[in-house]
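Chemist: My questions all concern the structure below.
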Amino acid sequence: MKNPQTIDTLAVRVCQAVRDVRDDHEAWIGIDCLNEFLALDDLRLVDAALAFASAKGWLSIGGRPAHSVLLNGSAP
């Protein structure tokens, strides 16, 4: 990643990516699909942004281990 971002701005970007990636009939989106769409070098940044967005109530994380996300109505 060329321009470092803060976790909160990356979390907003992740929420937007969920909107961009999903089809009209889809609710849950695979984390692998998000990683591919965002094309970040360090996948730990995406994990941290997902954890931040989940803590804010912007999205829900599904699976153990986590494998998909659901965007909530309060997401930016």
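Naming works like this for the structure tokens: A, B, ... for the chains as they're shown, residue 1 at the start of each chain, ligands 1 onward in shown order.
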Set the distance at 9 Å and use only C-alpha atoms: which residues neighbour stretch 64-71 of chain A once local chain neighbours fewer than 2 positions away are removed? I'd like the list as a PyMOL selection string.
Modeler: chain A and resi 15+18-19+27-33+50+58-62+73-75
Chemist: Those selected residues, please, written with C-alpha atoms and delivered as a CSV table (one decimal), in the first residue's frame.
Modeler:
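Final output, out_2.csv:
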```csv
chain,number,residue,atom,x,y,z
A,15,CYS,CA,-17.7,-0.9,4.2
A,18,VAL,CA,-18.8,-4.5,0.6
A,19,ARG,CA,-21.4,-2.3,-1.1
A,27,ALA,CA,-26.2,-10.1,2.0
A,28,TRP,CA,-23.0,-11.8,3.2
A,29,ILE,CA,-19.7,-11.2,1.4
A,30,GLY,CA,-16.6,-13.4,1.7
A,31,ILE,CA,-13.6,-11.8,3.3
A,32,ASP,CA,-11.4,-13.3,0.6
A,33,CYS,CA,-13.5,-11.5,-2.0
A,50,LEU,CA,-12.9,-5.4,9.8
A,58,TRP,CA,-21.0,-1.2,11.1
A,59,LEU,CA,-20.8,-4.8,10.1
A,60,SER,CA,-21.2,-8.3,11.4
A,61,ILE,CA,-18.5,-11.0,11.0
A,62,GLY,CA,-19.6,-14.6,10.4
A,73,GLY,CA,-27.5,-0.2,8.4
A,74,SER,CA,-25.3,2.0,10.5
A,75,ALA,CA,-22.3,1.6,8.2
```
Chemist: Please give the complete set of residues from stretch 12-53 of chain A that DSSP, run on the backbone, assigns to alpha helix (DSSP H), formatted as a JSON list (two decimals) with N, CA, C and O atoms, in the first residue's frame.
Modeler:
```json
[["chain", "number", "residue", "atom", "x", "y", "z"],
["A", 12, "VAL", "N", -13.92, 2.45, 6.82],
["A", 12, "VAL", "CA", -14.94, 3.07, 5.96],
["A", 12, "VAL", "C", -14.78, 2.56, 4.54],
["A", 12, "VAL", "O", -15.75, 2.24, 3.85],
["A", 13, "ARG", "N", -13.53, 2.45, 4.09],
["A", 13, "ARG", "CA", -13.26, 1.93, 2.75],
["A", 13, "ARG", "C", -13.72, 0.48, 2.61],
["A", 13, "ARG", "O", -14.26, 0.08, 1.57],
["A", 14, "VAL", "N", -13.53, -0.31, 3.65],
["A", 14, "VAL", "CA", -13.99, -1.70, 3.65],
["A", 14, "VAL", "C", -15.51, -1.75, 3.53],
["A", 14, "VAL", "O", -16.06, -2.55, 2.76],
["A", 15, "CYS", "N", -16.21, -0.90, 4.27],
["A", 15, "CYS", "CA", -17.68, -0.87, 4.19],
["A", 15, "CYS", "C", -18.13, -0.51, 2.78],
["A", 15, "CYS", "O", -19.08, -1.10, 2.25],
["A", 16, "GLN", "N", -17.46, 0.43, 2.16],
["A", 16, "GLN", "CA", -17.80, 0.80, 0.78],
["A", 16, "GLN", "C", -17.50, -0.35, -0.18],
["A", 16, "GLN", "O", -18.26, -0.60, -1.11],
["A", 17, "ALA", "N", -16.41, -1.06, 0.09],
["A", 17, "ALA", "CA", -16.07, -2.21, -0.75],
["A", 17, "ALA", "C", -17.13, -3.29, -0.68],
["A", 17, "ALA", "O", -17.46, -3.92, -1.69],
["A", 18, "VAL", "N", -17.71, -3.51, 0.51],
["A", 18, "VAL", "CA", -18.80, -4.48, 0.64],
["A", 18, "VAL", "C", -19.96, -4.08, -0.26],
["A", 18, "VAL", "O", -20.53, -4.90, -0.97],
["A", 19, "ARG", "N", -20.29, -2.79, -0.27],
["A", 19, "ARG", "CA", -21.36, -2.31, -1.15],
["A", 19, "ARG", "C", -21.02, -2.53, -2.62],
["A", 19, "ARG", "O", -21.89, -2.89, -3.41],
["A", 20, "ASP", "N", -19.78, -2.28, -2.98],
["A", 20, "ASP", "CA", -19.36, -2.39, -4.37],
["A", 20, "ASP", "C", -19.29, -3.83, -4.86],
["A", 20, "ASP", "O", -19.57, -4.11, -6.02],
["A", 21, "VAL", "N", -18.91, -4.74, -3.97],
["A", 21, "VAL", "CA", -18.69, -6.13, -4.35],
["A", 21, "VAL", "C", -19.99, -6.94, -4.42],
["A", 21, "VAL", "O", -20.14, -7.78, -5.30],
["A", 31, "ILE", "N", -14.75, -12.67, 3.02],
["A", 31, "ILE", "CA", -13.60, -11.83, 3.33],
["A", 31, "ILE", "C", -12.53, -11.96, 2.26],
["A", 31, "ILE", "O", -11.88, -10.98, 1.90],
["A", 32, "ASP", "N", -12.37, -13.15, 1.70],
["A", 32, "ASP", "CA", -11.40, -13.33, 0.61],
["A", 32, "ASP", "C", -11.75, -12.46, -0.59],
["A", 32, "ASP", "O", -10.86, -11.90, -1.24],
["A", 33, "CYS", "N", -13.03, -12.33, -0.87],
["A", 33, "CYS", "CA", -13.48, -11.47, -1.97],
["A", 33, "CYS", "C", -13.13, -10.01, -1.70],
["A", 33, "CYS", "O", -12.69, -9.28, -2.59],
["A", 34, "LEU", "N", -13.31, -9.58, -0.45],
["A", 34, "LEU", "CA", -12.94, -8.21, -0.08],
["A", 34, "LEU", "C", -11.44, -7.99, -0.21],
["A", 34, "LEU", "O", -11.01, -6.95, -0.71],
["A", 35, "ASN", "N", -10.66, -8.96, 0.25],
["A", 35, "ASN", "CA", -9.20, -8.85, 0.15],
["A", 35, "ASN", "C", -8.78, -8.67, -1.31],
["A", 35, "ASN", "O", -7.92, -7.85, -1.62],
["A", 36, "GLU", "N", -9.38, -9.46, -2.18],
["A", 36, "GLU", "CA", -9.05, -9.38, -3.60],
["A", 36, "GLU", "C", -9.47, -8.02, -4.18],
["A", 36, "GLU", "O", -8.73, -7.40, -4.93],
["A", 37, "PHE", "N", -10.65, -7.55, -3.80],
["A", 37, "PHE", "CA", -11.16, -6.27, -4.31],
["A", 37, "PHE", "C", -10.31, -5.10, -3.84],
["A", 37, "PHE", "O", -10.00, -4.20, -4.61],
["A", 38, "LEU", "N", -9.92, -5.11, -2.57],
["A", 38, "LEU", "CA", -9.14, -4.00, -2.01],
["A", 38, "LEU", "C", -7.69, -4.02, -2.46],
["A", 38, "LEU", "O", -7.05, -2.97, -2.51],
["A", 43, "LEU", "N", -2.59, -8.03, 4.44],
["A", 43, "LEU", "CA", -3.95, -8.48, 4.76],
["A", 43, "LEU", "C", -4.30, -8.24, 6.23],
["A", 43, "LEU", "O", -5.48, -8.19, 6.58],
["A", 44, "ARG", "N", -3.29, -8.07, 7.06],
["A", 44, "ARG", "CA", -3.57, -7.77, 8.47],
["A", 44, "ARG", "C", -4.26, -6.43, 8.62],
["A", 44, "ARG", "O", -5.03, -6.22, 9.56],
["A", 45, "LEU", "N", -4.02, -5.51, 7.69],
["A", 45, "LEU", "CA", -4.71, -4.21, 7.72],
["A", 45, "LEU", "C", -6.20, -4.38, 7.49],
["A", 45, "LEU", "O", -7.02, -3.74, 8.14],
["A", 46, "VAL", "N", -6.55, -5.27, 6.56],
["A", 46, "VAL", "CA", -7.97, -5.53, 6.31],
["A", 46, "VAL", "C", -8.59, -6.18, 7.54],
["A", 46, "VAL", "O", -9.69, -5.81, 7.96],
["A", 47, "ASP", "N", -7.89, -7.14, 8.14],
["A", 47, "ASP", "CA", -8.39, -7.77, 9.36],
["A", 47, "ASP", "C", -8.63, -6.75, 10.47],
["A", 47, "ASP", "O", -9.65, -6.79, 11.16],
["A", 48, "ALA", "N", -7.69, -5.83, 10.63],
["A", 48, "ALA", "CA", -7.83, -4.80, 11.66],
["A", 48, "ALA", "C", -9.00, -3.87, 11.34],
["A", 48, "ALA", "O", -9.76, -3.49, 12.24],
["A", 49, "ALA", "N", -9.16, -3.52, 10.07],
["A", 49, "ALA", "CA", -10.27, -2.65, 9.67],
["A", 49, "ALA", "C", -11.60, -3.35, 9.87],
["A", 49, "ALA", "O", -12.58, -2.73, 10.30],
["A", 50, "LEU", "N", -11.66, -4.65, 9.58],
["A", 50, "LEU", "CA", -12.89, -5.41, 9.82],
["A", 50, "LEU", "C", -13.22, -5.47, 11.30],
["A", 50, "LEU", "O", -14.38, -5.30, 11.69],
["A", 51, "ALA", "N", -12.22, -5.68, 12.14],
["A", 51, "ALA", "CA", -12.44, -5.72, 13.59],
["A", 51, "ALA", "C", -12.93, -4.36, 14.09],
["A", 51, "ALA", "O", -13.85, -4.27, 14.91],
["A", 52, "PHE", "N", -12.34, -3.28, 13.57],
["A", 52, "PHE", "CA", -12.75, -1.93, 13.96],
["A", 52, "PHE", "C", -14.20, -1.67, 13.54],
["A", 52, "PHE", "O", -15.00, -1.19, 14.34],
["A", 53, "ALA", "N", -14.52, -2.01, 12.28],
["A", 53, "ALA", "CA", -15.88, -1.79, 11.78],
["A", 53, "ALA", "C", -16.89, -2.63, 12.55],
["A", 53, "ALA", "O", -18.00, -2.17, 12.84]]
```
Chemist: What separation in Å, quoted to one decimal, exists between atom CA of A:Ser54 and atom CA of A:Asp8?
Modeler: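 Straight-line distance from atom CA of A:Ser54 to atom CA of A:Asp8 works out to 11.3 Å.
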Chemist: Between atom CA of A:Leu10 and atom CA of A:Arg22, what distance in Å does the model show, to one decimal?
Modeler: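 According to the coordinates, atom CA of A:Leu10 and atom CA of A:Arg22 are separated by 18.3 Å.
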Chemist: DSSP on the backbone, strand (DSSP E or B) only: what residues of stretch 19-70 of chain A does that give? Format it as a PyMOL selection string.
Modeler: chain A and resi 28-30+59-62+68-70
